[in-house]
Each structure stands twice: as structure tokens, then as C-alpha cells.
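Next comes run.cif, with mmCIF, C-alpha atoms.
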```cif
data_work
loop_
_atom_site.group_PDB
_atom_site.id
_atom_site.type_symbol
_atom_site.label_atom_id
_atom_site.label_comp_id
_atom_site.auth_asym_id
_atom_site.auth_seq_id
_atom_site.Cartn_x
_atom_site.Cartn_y
_atom_site.Cartn_z
ATOM 1 C CA MET A 1 0.000 0.000 0.000
ATOM 2 C CA SER A 2 1.390 3.416 -0.991
ATOM 3 C CA GLY A 3 1.717 6.454 1.213
ATOM 4 C CA SER A 4 -1.123 8.221 -0.586
ATOM 5 C CA GLU A 5 -3.388 5.193 -0.081
ATOM 6 C CA ILE A 6 -2.609 5.077 3.636
ATOM 7 C CA ARG A 7 -3.346 8.785 4.045
ATOM 8 C CA LEU A 8 -6.526 8.548 1.950
ATOM 9 C CA ARG A 9 -7.911 5.767 4.149
ATOM 10 C CA ARG A 10 -7.197 7.862 7.209
ATOM 11 C CA LEU A 11 -8.908 10.876 5.662
ATOM 12 C CA ILE A 12 -11.928 8.916 4.404
ATOM 13 C CA PRO A 13 -12.156 5.739 6.521
ATOM 14 C CA ASP A 14 -14.131 2.817 5.137
ATOM 15 C CA GLY A 15 -17.732 2.948 6.255
ATOM 16 C CA GLN A 16 -17.471 6.481 7.648
ATOM 17 C CA ARG A 17 -18.608 9.859 6.349
ATOM 18 C CA ILE A 18 -16.618 13.028 6.708
ATOM 19 C CA ILE A 19 -17.212 16.763 7.002
ATOM 20 C CA ILE A 20 -14.671 19.123 5.452
ATOM 21 C CA LEU A 21 -14.667 22.834 6.279
ATOM 22 C CA PRO A 22 -13.268 24.910 3.381
ATOM 23 C CA ILE A 23 -11.780 28.280 4.284
ATOM 24 C CA ASP A 24 -9.923 28.873 1.011
ATOM 25 C CA HIS A 25 -12.323 31.497 -0.360
ATOM 26 C CA GLY A 26 -9.924 34.360 0.308
ATOM 27 C CA GLU A 27 -7.468 32.897 -2.205
ATOM 28 C CA PHE A 28 -9.891 33.843 -4.976
ATOM 29 C CA GLN A 29 -12.283 36.451 -3.604
ATOM 30 C CA GLY A 30 -10.481 38.292 -0.827
ATOM 31 C CA PRO A 31 -11.980 38.715 2.666
ATOM 32 C CA ARG A 32 -15.385 37.176 3.385
ATOM 33 C CA LYS A 33 -17.824 37.189 6.273
ATOM 34 C CA GLY A 34 -16.779 34.616 8.847
ATOM 35 C CA LEU A 35 -13.202 34.352 7.563
ATOM 36 C CA LEU A 36 -11.687 37.700 8.483
ATOM 37 C CA GLN A 37 -9.831 35.881 11.282
ATOM 38 C CA PRO A 38 -9.571 32.234 10.153
ATOM 39 C CA ILE A 39 -7.775 30.987 13.262
ATOM 40 C CA ARG A 40 -10.565 32.352 15.441
ATOM 41 C CA THR A 41 -13.143 30.705 13.158
ATOM 42 C CA LEU A 42 -11.423 27.310 13.288
ATOM 43 C CA ARG A 43 -10.986 27.416 17.062
ATOM 44 C CA SER A 44 -14.582 28.467 17.664
ATOM 45 C CA LEU A 45 -16.066 25.467 15.837
ATOM 46 C CA GLU A 46 -16.148 21.730 16.500
ATOM 47 C CA GLY A 47 -17.449 18.805 14.486
ATOM 48 C CA TYR A 48 -15.412 18.820 11.275
ATOM 49 C CA ASP A 49 -12.706 16.361 10.202
ATOM 50 C CA ALA A 50 -10.585 18.398 7.813
ATOM 51 C CA VAL A 51 -9.995 21.931 6.584
ATOM 52 C CA LEU A 52 -9.445 22.927 2.964
ATOM 53 C CA LEU A 53 -7.214 25.975 2.767
ATOM 54 C CA SER A 54 -4.629 27.860 0.735
ATOM 55 C CA PRO A 55 -0.856 27.405 1.148
ATOM 56 C CA GLY A 56 -0.463 30.786 2.837
ATOM 57 C CA MET A 57 -3.336 30.175 5.219
ATOM 58 C CA LEU A 58 -1.999 26.737 6.155
ATOM 59 C CA ARG A 59 1.189 28.443 7.338
ATOM 60 C CA ARG A 60 -0.790 30.987 9.331
ATOM 61 C CA CYS A 61 -3.133 28.414 10.866
ATOM 62 C CA SER A 62 -0.500 25.744 11.537
ATOM 63 C CA GLU A 63 -0.893 26.022 15.309
ATOM 64 C CA VAL A 64 -4.537 24.919 15.035
ATOM 65 C CA PHE A 65 -3.501 21.667 13.357
ATOM 66 C CA ALA A 66 -0.693 21.161 15.859
ATOM 67 C CA GLU A 67 -3.246 21.477 18.676
ATOM 68 C CA ARG A 68 -5.828 19.093 17.192
ATOM 69 C CA ARG A 69 -4.185 15.764 16.530
ATOM 70 C CA THR A 70 -7.079 14.361 14.480
ATOM 71 C CA LEU A 71 -7.704 17.445 12.333
ATOM 72 C CA TRP A 72 -6.621 17.059 8.710
ATOM 73 C CA ALA A 73 -5.232 19.821 6.498
ATOM 74 C CA ILE A 74 -6.030 19.744 2.771
ATOM 75 C CA VAL A 75 -4.152 22.368 0.777
ATOM 76 C CA ARG A 76 -4.936 23.707 -2.701
ATOM 77 C CA LEU A 77 -2.196 23.280 -5.280
ATOM 78 C CA ASN A 78 -3.553 25.478 -8.071
ATOM 79 C CA TRP A 79 -5.463 28.717 -8.534
ATOM 80 C CA ASN A 80 -8.573 28.813 -10.711
ATOM 81 C CA ALA A 81 -9.558 32.149 -12.256
ATOM 82 C CA ASP A 82 -13.182 30.990 -12.576
ATOM 83 C CA TYR A 83 -13.476 31.086 -8.764
ATOM 84 C CA CYS A 84 -12.976 34.857 -8.840
ATOM 85 C CA PHE A 85 -16.705 35.427 -9.141
ATOM 86 C CA GLN A 86 -16.295 39.178 -8.651
ATOM 87 C CA TRP A 87 -14.470 39.387 -11.985
ATOM 88 C CA THR A 88 -16.702 36.924 -13.915
ATOM 89 C CA TYR A 89 -13.848 35.028 -15.566
ATOM 90 C CA ARG A 90 -15.095 32.111 -17.647
ATOM 91 C CA ASP A 91 -12.186 30.574 -19.548
ATOM 92 C CA GLY A 92 -10.943 27.912 -17.119
ATOM 93 C CA SER A 93 -7.483 29.440 -16.662
ATOM 94 C CA HIS A 94 -5.393 27.829 -13.914
ATOM 95 C CA ALA A 95 -2.084 28.617 -12.268
ATOM 96 C CA ARG A 96 0.003 26.184 -10.272
ATOM 97 C CA VAL A 97 0.867 27.640 -6.854
ATOM 98 C CA LEU A 98 2.371 24.701 -4.930
ATOM 99 C CA SER A 99 3.833 21.266 -5.547
ATOM 100 C CA PRO A 100 2.647 18.131 -3.739
ATOM 101 C CA ALA A 101 6.068 17.905 -2.059
ATOM 102 C CA GLY A 102 5.674 21.520 -0.984
ATOM 103 C CA ALA A 103 2.269 20.698 0.489
ATOM 104 C CA LEU A 104 3.826 17.946 2.605
ATOM 105 C CA ALA A 105 6.558 20.334 3.733
ATOM 106 C CA LEU A 106 3.862 22.744 4.946
ATOM 107 C CA GLY A 107 2.273 19.972 7.010
ATOM 108 C CA ALA A 108 -0.630 19.086 4.719
ATOM 109 C CA ASP A 109 -2.200 15.636 4.951
ATOM 110 C CA ALA A 110 -3.850 15.794 1.516
ATOM 111 C CA ALA A 111 -3.968 18.104 -1.484
ATOM 112 C CA LEU A 112 -6.594 19.287 -3.925
ATOM 113 C CA ALA A 113 -6.446 20.718 -7.432
ATOM 114 C CA SER A 114 -9.152 21.884 -9.793
ATOM 115 C CA LEU A 115 -9.566 20.934 -13.433
ATOM 116 C CA ALA A 116 -11.431 22.711 -16.219
ATOM 117 C CA VAL A 117 -12.956 20.684 -19.056
ATOM 118 C CA GLY A 118 -15.807 21.533 -21.350
ATOM 119 C CA THR A 119 -14.793 25.201 -21.502
ATOM 120 C CA GLY A 120 -15.419 25.386 -25.244
ATOM 121 C CA SER A 121 -11.702 25.682 -25.954
ATOM 122 C CA PRO A 122 -9.870 22.398 -26.631
ATOM 123 C CA THR A 123 -6.554 24.188 -26.113
ATOM 124 C CA ALA A 124 -7.584 25.443 -22.678
ATOM 125 C CA ASP A 125 -8.992 22.046 -21.715
ATOM 126 C CA ALA A 126 -5.804 20.283 -22.801
ATOM 127 C CA ALA A 127 -3.618 22.700 -20.827
ATOM 128 C CA SER A 128 -5.738 22.156 -17.724
ATOM 129 C CA VAL A 129 -5.588 18.379 -18.132
ATOM 130 C CA GLU A 130 -1.808 18.453 -18.594
ATOM 131 C CA SER A 131 -1.355 20.541 -15.447
ATOM 132 C CA PHE A 132 -3.616 18.316 -13.343
ATOM 133 C CA ALA A 133 -2.015 15.102 -14.621
ATOM 134 C CA ARG A 134 1.443 16.381 -13.660
ATOM 135 C CA LEU A 135 0.216 17.218 -10.162
ATOM 136 C CA ALA A 136 -1.311 13.741 -9.860
ATOM 137 C CA GLU A 137 1.972 12.128 -10.893
ATOM 138 C CA GLU A 138 3.942 14.224 -8.402
ATOM 139 C CA ALA A 139 1.413 13.522 -5.649
ATOM 140 C CA ARG A 140 1.810 9.762 -6.120
ATOM 141 C CA ALA A 141 5.581 10.130 -5.956
ATOM 142 C CA ALA A 142 5.332 12.247 -2.799
ATOM 143 C CA GLY A 143 2.829 9.908 -1.137
ATOM 144 C CA ILE A 144 0.078 12.489 -0.638
ATOM 145 C CA PRO A 145 -3.531 11.895 -1.769
ATOM 146 C CA LEU A 146 -4.824 14.339 -4.364
ATOM 147 C CA GLY A 147 -8.434 15.409 -4.660
ATOM 148 C CA GLY A 148 -9.823 16.580 -7.981
ATOM 149 C CA GLU A 149 -12.386 19.358 -8.340
ATOM 150 C CA ILE A 150 -14.369 20.312 -11.419
ATOM 151 C CA TYR A 151 -15.850 23.751 -11.903
ATOM 152 C CA PRO A 152 -17.909 24.482 -15.031
ATOM 153 C CA GLY A 153 -16.984 27.429 -17.220
ATOM 154 C CA ARG A 154 -20.220 29.094 -16.200
ATOM 155 C CA GLY A 155 -22.204 28.936 -12.990
ATOM 156 C CA PRO A 156 -24.266 25.812 -12.260
ATOM 157 C CA ASP A 157 -27.440 27.873 -12.431
ATOM 158 C CA GLN A 158 -26.642 28.663 -16.084
ATOM 159 C CA PHE A 159 -27.221 25.044 -17.131
ATOM 160 C CA ALA A 160 -30.373 23.028 -17.591
ATOM 161 C CA GLN A 161 -30.471 20.338 -14.876
ATOM 162 C CA ASP A 162 -29.860 17.409 -17.249
ATOM 163 C CA GLU A 163 -27.046 19.283 -19.018
ATOM 164 C CA PHE A 164 -25.323 20.052 -15.724
ATOM 165 C CA HIS A 165 -25.746 16.468 -14.501
ATOM 166 C CA ASP A 166 -24.130 15.172 -17.696
ATOM 167 C CA LEU A 167 -21.199 17.587 -17.309
ATOM 168 C CA VAL A 168 -20.591 16.534 -13.695
ATOM 169 C CA LEU A 169 -20.982 12.843 -14.586
ATOM 170 C CA ARG A 170 -18.391 13.046 -17.348
ATOM 171 C CA SER A 171 -16.027 15.369 -15.504
ATOM 172 C CA CYS A 172 -15.867 13.278 -12.328
ATOM 173 C CA ARG A 173 -14.938 10.212 -14.343
ATOM 174 C CA ILE A 174 -12.359 12.175 -16.335
ATOM 175 C CA VAL A 175 -10.612 13.619 -13.282
ATOM 176 C CA SER A 176 -10.519 10.201 -11.603
ATOM 177 C CA GLU A 177 -9.020 8.679 -14.767
ATOM 178 C CA LEU A 178 -6.342 11.393 -14.646
ATOM 179 C CA GLY A 179 -5.283 10.313 -11.153
ATOM 180 C CA ALA A 180 -7.525 11.951 -8.548
ATOM 181 C CA ASP A 181 -7.788 9.918 -5.332
ATOM 182 C CA PHE A 182 -11.097 11.555 -4.387
ATOM 183 C CA VAL A 183 -13.411 14.060 -6.042
ATOM 184 C CA LYS A 184 -15.058 17.230 -4.736
ATOM 185 C CA THR A 185 -18.099 18.027 -6.832
ATOM 186 C CA PHE A 186 -21.632 19.373 -7.070
ATOM 187 C CA TYR A 187 -24.781 17.538 -6.082
ATOM 188 C CA THR A 188 -26.791 17.272 -9.304
ATOM 189 C CA GLY A 189 -30.200 16.201 -8.015
ATOM 190 C CA PRO A 190 -32.196 12.944 -8.108
ATOM 191 C CA ARG A 191 -29.790 11.254 -10.551
ATOM 192 C CA PHE A 192 -26.653 11.879 -8.481
ATOM 193 C CA ALA A 193 -26.267 8.155 -7.728
ATOM 194 C CA GLU A 194 -25.256 7.798 -11.398
ATOM 195 C CA VAL A 195 -22.270 10.079 -10.743
ATOM 196 C CA VAL A 196 -21.228 8.026 -7.713
ATOM 197 C CA GLU A 197 -21.561 4.757 -9.610
ATOM 198 C CA ALA A 198 -19.508 6.017 -12.565
ATOM 199 C CA THR A 199 -16.678 7.458 -10.448
ATOM 200 C CA PRO A 200 -14.223 4.853 -9.067
ATOM 201 C CA VAL A 201 -12.990 7.048 -6.187
ATOM 202 C CA PRO A 202 -14.794 8.587 -3.180
ATOM 203 C CA ILE A 203 -16.994 11.596 -3.912
ATOM 204 C CA ILE A 204 -17.393 14.497 -1.497
ATOM 205 C CA VAL A 205 -20.218 16.970 -2.234
ATOM 206 C CA LEU A 206 -19.658 20.708 -1.962
ATOM 207 C CA GLY A 207 -22.195 23.146 -0.602
ATOM 208 C CA ALA A 208 -21.877 25.621 -3.510
ATOM 209 C CA SER A 209 -24.058 28.703 -2.918
ATOM 210 C CA LYS A 210 -25.135 29.846 0.533
ATOM 211 C CA GLU A 211 -28.578 28.419 1.330
ATOM 212 C CA ASP A 212 -30.745 28.526 4.389
ATOM 213 C CA GLU A 213 -29.740 25.895 6.921
ATOM 214 C CA ALA A 214 -32.742 23.645 6.300
ATOM 215 C CA GLN A 215 -32.015 23.519 2.560
ATOM 216 C CA ALA A 216 -28.339 22.801 3.161
ATOM 217 C CA LEU A 217 -29.192 19.913 5.499
ATOM 218 C CA THR A 218 -31.538 18.472 2.877
ATOM 219 C CA LYS A 219 -28.828 18.674 0.206
ATOM 220 C CA ALA A 220 -26.366 16.904 2.505
ATOM 221 C CA ALA A 221 -28.865 14.134 3.292
ATOM 222 C CA GLN A 222 -29.717 13.576 -0.358
ATOM 223 C CA ALA A 223 -26.054 13.464 -1.379
ATOM 224 C CA ILE A 224 -25.198 10.948 1.344
ATOM 225 C CA ALA A 225 -28.208 8.799 0.434
ATOM 226 C CA ALA A 226 -26.943 8.737 -3.160
ATOM 227 C CA GLY A 227 -23.534 7.454 -2.064
ATOM 228 C CA ALA A 228 -21.394 10.515 -1.329
ATOM 229 C CA ARG A 229 -18.742 9.884 1.321
ATOM 230 C CA GLY A 230 -19.072 13.296 2.910
ATOM 231 C CA VAL A 231 -19.613 17.015 2.394
ATOM 232 C CA VAL A 232 -17.493 20.136 1.970
ATOM 233 C CA PHE A 233 -19.593 22.949 3.429
ATOM 234 C CA GLY A 234 -18.043 26.376 3.953
ATOM 235 C CA ARG A 235 -20.295 29.401 3.568
ATOM 236 C CA ASN A 236 -23.236 27.381 4.860
ATOM 237 C CA VAL A 237 -21.238 27.007 8.082
ATOM 238 C CA PHE A 238 -19.257 30.186 8.718
ATOM 239 C CA GLU A 239 -21.840 32.555 7.207
ATOM 240 C CA SER A 240 -24.629 31.042 9.289
ATOM 241 C CA ASP A 241 -25.960 33.133 12.162
ATOM 242 C CA ARG A 242 -25.412 30.056 14.354
ATOM 243 C CA PRO A 243 -22.453 28.210 12.811
ATOM 244 C CA GLN A 244 -21.875 25.725 15.642
ATOM 245 C CA ALA A 245 -25.562 24.813 15.800
ATOM 246 C CA PHE A 246 -25.539 24.200 12.050
ATOM 247 C CA LEU A 247 -22.409 22.028 12.319
ATOM 248 C CA ASP A 248 -24.049 20.019 15.097
ATOM 249 C CA ALA A 249 -27.118 19.485 12.924
ATOM 250 C CA LEU A 250 -24.942 18.614 9.926
ATOM 251 C CA ASN A 251 -23.130 15.971 11.965
ATOM 252 C CA GLU A 252 -26.425 14.298 12.831
ATOM 253 C CA VAL A 253 -27.536 14.254 9.202
ATOM 254 C CA VAL A 254 -24.224 13.212 7.616
ATOM 255 C CA ARG A 255 -22.862 10.784 10.207
ATOM 256 C CA GLU A 256 -25.997 9.435 11.851
ATOM 257 C CA GLY A 257 -28.438 9.516 8.953
ATOM 258 C CA ALA A 258 -30.905 11.735 10.826
ATOM 259 C CA SER A 259 -33.876 13.203 8.975
ATOM 260 C CA PRO A 260 -32.899 16.648 7.657
ATOM 261 C CA ASP A 261 -36.391 18.060 8.197
ATOM 262 C CA ALA A 262 -36.688 16.787 11.750
ATOM 263 C CA THR A 263 -33.137 17.907 12.539
ATOM 264 C CA ALA A 264 -33.734 21.375 11.114
ATOM 265 C CA THR A 265 -36.893 21.714 13.194
ATOM 266 C CA ARG A 266 -35.172 20.529 16.356
ATOM 267 C CA TYR A 267 -32.386 23.082 15.921
ATOM 268 C CA GLY A 268 -34.767 25.878 15.017
ATOM 269 C CA PHE A 269 -33.739 26.183 11.364
ATOM 270 C CA THR A 270 -36.766 26.952 9.203
ATOM 271 C CA ARG A 271 -37.041 27.511 5.464
#
```

Written form, C-alpha cells:
Amino acid sequence: MSGSEIRLRRLIPDGQRIIILPIDHGEFQGPRKGLLQPIRTLRSLEGYDAVLLSPGMLRRCSEVFAERRTLWAIVRLNWNADYCFQWTYRDGSHARVLSPAGALALGADAALASLAVGTGSPTADAASVESFARLAEEARAAGIPLGGEIYPGRGPDQFAQDEFHDLVLRSCRIVSELGADFVKTFYTGPRFAEVVEATPVPIIVLGASKEDEAQALTKAAQAIAAGARGVVFGRNVFESDRPQAFLDALNEVVREGASPDATATRYGFTR
């Protein structure tokens, strides 16, 4: 068993579901509500297994990971212009910002990189694939698991539901074929089990846009029921008026299979 396989099984244990808290938004969008002081945010919350963050923020938050022995750090290796929503970029341009070996040197337990396909430009798609494939090769050599993330060239709400489902279905398989050890992707609705079945690595569902807490709990429950191994919820946590209460509710839904409606009612989250 390789080093990346050992670390992946620790990150996503067989038969268990995980909650990842992403705080990497500042890498693309600048300061956001709830993340002006990331260390304070991380220390004020309990109930998550791993944190997704930028290389610079991993250095600044290193003491949090030193204090919590079971908390995992997942660091981003590339920068995606499409995540700069304030500038409405739509061409899938990426820039490499860290190597897998560099991620290990910073103390990361896993890494993540995004991939753009279906942008409308075969040249741009090919460049993105080449960059991701090189990171996957280096990650295997370094012994660190690499997650793959797909973001469409336009916002999910710009697609018809079936069109978006087909894009996610194809993209998740493509990024896993290129070497991703796990995939972070969108929940596509009632047919999401098809995405899970077609992807030979664990799938973790992202929260995407900020929703009310009851809606977010429903999305998490539906994704888990379809076979997702966990969730990556950021804004739905740290932009909530009651972030710890939401995390507590999310734990019940994701780990214990609790009813999202009943859990939302019990915690006072209404639509």
C-alpha cells in the first residue's frame, strides 16, 4: 500500500462519512464574512474532520492543526480564475501555486487541485488536463492523496439540470481517470447516484451557494443517500448566524443519517 493510499484511508475511513470545512475562499475572492480571522473561526467550531485551505493560510493556521491531533489539512495546489466570481472570468485558466512535495513540507495531509474541461476551448482544456495530470503524478511520488475538483466554465445555475448532470458525470470520471484519489463536486439532483456509480474514487459533495440551513441539510442528506462519502460545506457554516448549531445538525444528518427536516426543526432552522 502506498503512502497516498494510507493517508486517503485515514482521511476517508471505510464505512465512515466526513465533514470538510473549506476556508480557502480568500485565495480567490479576498476577505469574506466569517473568515476575516480564520484561526478564530477554526478554534470556535467543533465537528469537522478536515480543513481545505490555501498554502499561505496553512502556514498561518499551523498552530490549530498542531493542537488538534485528528484534524486534517487539505491544501490547494492550483489557482482557478473561474473562482474569482467578482471578476466573472469564464475561460478555465489555472495557475500552479504549490507542488505536492511543498504541500507535505507545509504539514498538509492531503492536497486538492481543480480541473477545467468543457470550456469550449480544446486548447484550454488540454492545458488544464496536462497541469492536473502532472500534479497527480507528483502527488503519487510524494505519497500524498490528491483530490480533484471540477468547476464548469459558467455557474451551475446557467445550465439546464440534465445538461449540468451530464457535465458533472463526465467530468468526475475524467478527473478520476487522470489520477484523482477523491473528487469534490456538485450535487446534481435525483440522478446523483449515477455520478457516484460512474466514479471509481470517493466523492465528497460541496455546498456551492449559501442556502438557508434547512435547505443545506436536505442537500447533505440527499447526497449521502446517493452514495457521497461526505460534504465540503463552507459558507453554509461560517456565514450562518449560528455556525456551531448548524455544524451540530450537519453531523447528525451526515454521520448518523438523521432526517434533515426533523433535525432542522429541532435546531430551530426553518425555510

So how many Å separate CA of Ala95 in chain A and CA of Ser62 in chain A, to one decimal?
-> 24.0 Å

Quick one: residues within 7 Å of range 210-221 of chain A, all atoms listed in the file counted, chain neighbours fewer than 3 positions away excluded, as an MDAnalysis selection string?
-> chainID A and resid 224:225 231 235:236 246 250 253:254 260:261 264 269:271

Among listed residues A:Val129, A:Ile12, A:Val232, A:Ala103, nearest Val201 in chain A (using only C-alpha atoms) =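 Nearest candidate to Val201 in chain A out of A:Val129, A:Ile12, A:Val232, A:Ala103: A:Ile12.
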
Shortest contact to Thr70 in chain A, candidates A:Tyr48, A:Tyr89, A:Tyr83, A:Phe182, atoms counted all atoms listed in the file, goes to A:Tyr48

Expansion of the PyMOL selection byres ((chain A and resi 107) around 9) into residues, as a short mmCIF file (atom, residue, chain, number, x, y, z; two decimals) with C-alpha atoms, keeping the file's coordinate frame:
```
data_model
loop_
_atom_site.label_atom_id
_atom_site.label_comp_id
_atom_site.auth_asym_id
_atom_site.auth_seq_id
_atom_site.Cartn_x
_atom_site.Cartn_y
_atom_site.Cartn_z
CA LEU A 58 -2.00 26.74 6.16
CA ARG A 59 1.19 28.44 7.34
CA SER A 62 -0.50 25.74 11.54
CA PHE A 65 -3.50 21.67 13.36
CA ALA A 73 -5.23 19.82 6.50
CA GLY A 102 5.67 21.52 -0.98
CA ALA A 103 2.27 20.70 0.49
CA LEU A 104 3.83 17.95 2.60
CA ALA A 105 6.56 20.33 3.73
CA LEU A 106 3.86 22.74 4.95
CA ALA A 108 -0.63 19.09 4.72
CA ASP A 109 -2.20 15.64 4.95
#
```

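Picture a line from CA of Thr188 in chain A to CA of Glu137 in chain A; it runs 29.3 Å.
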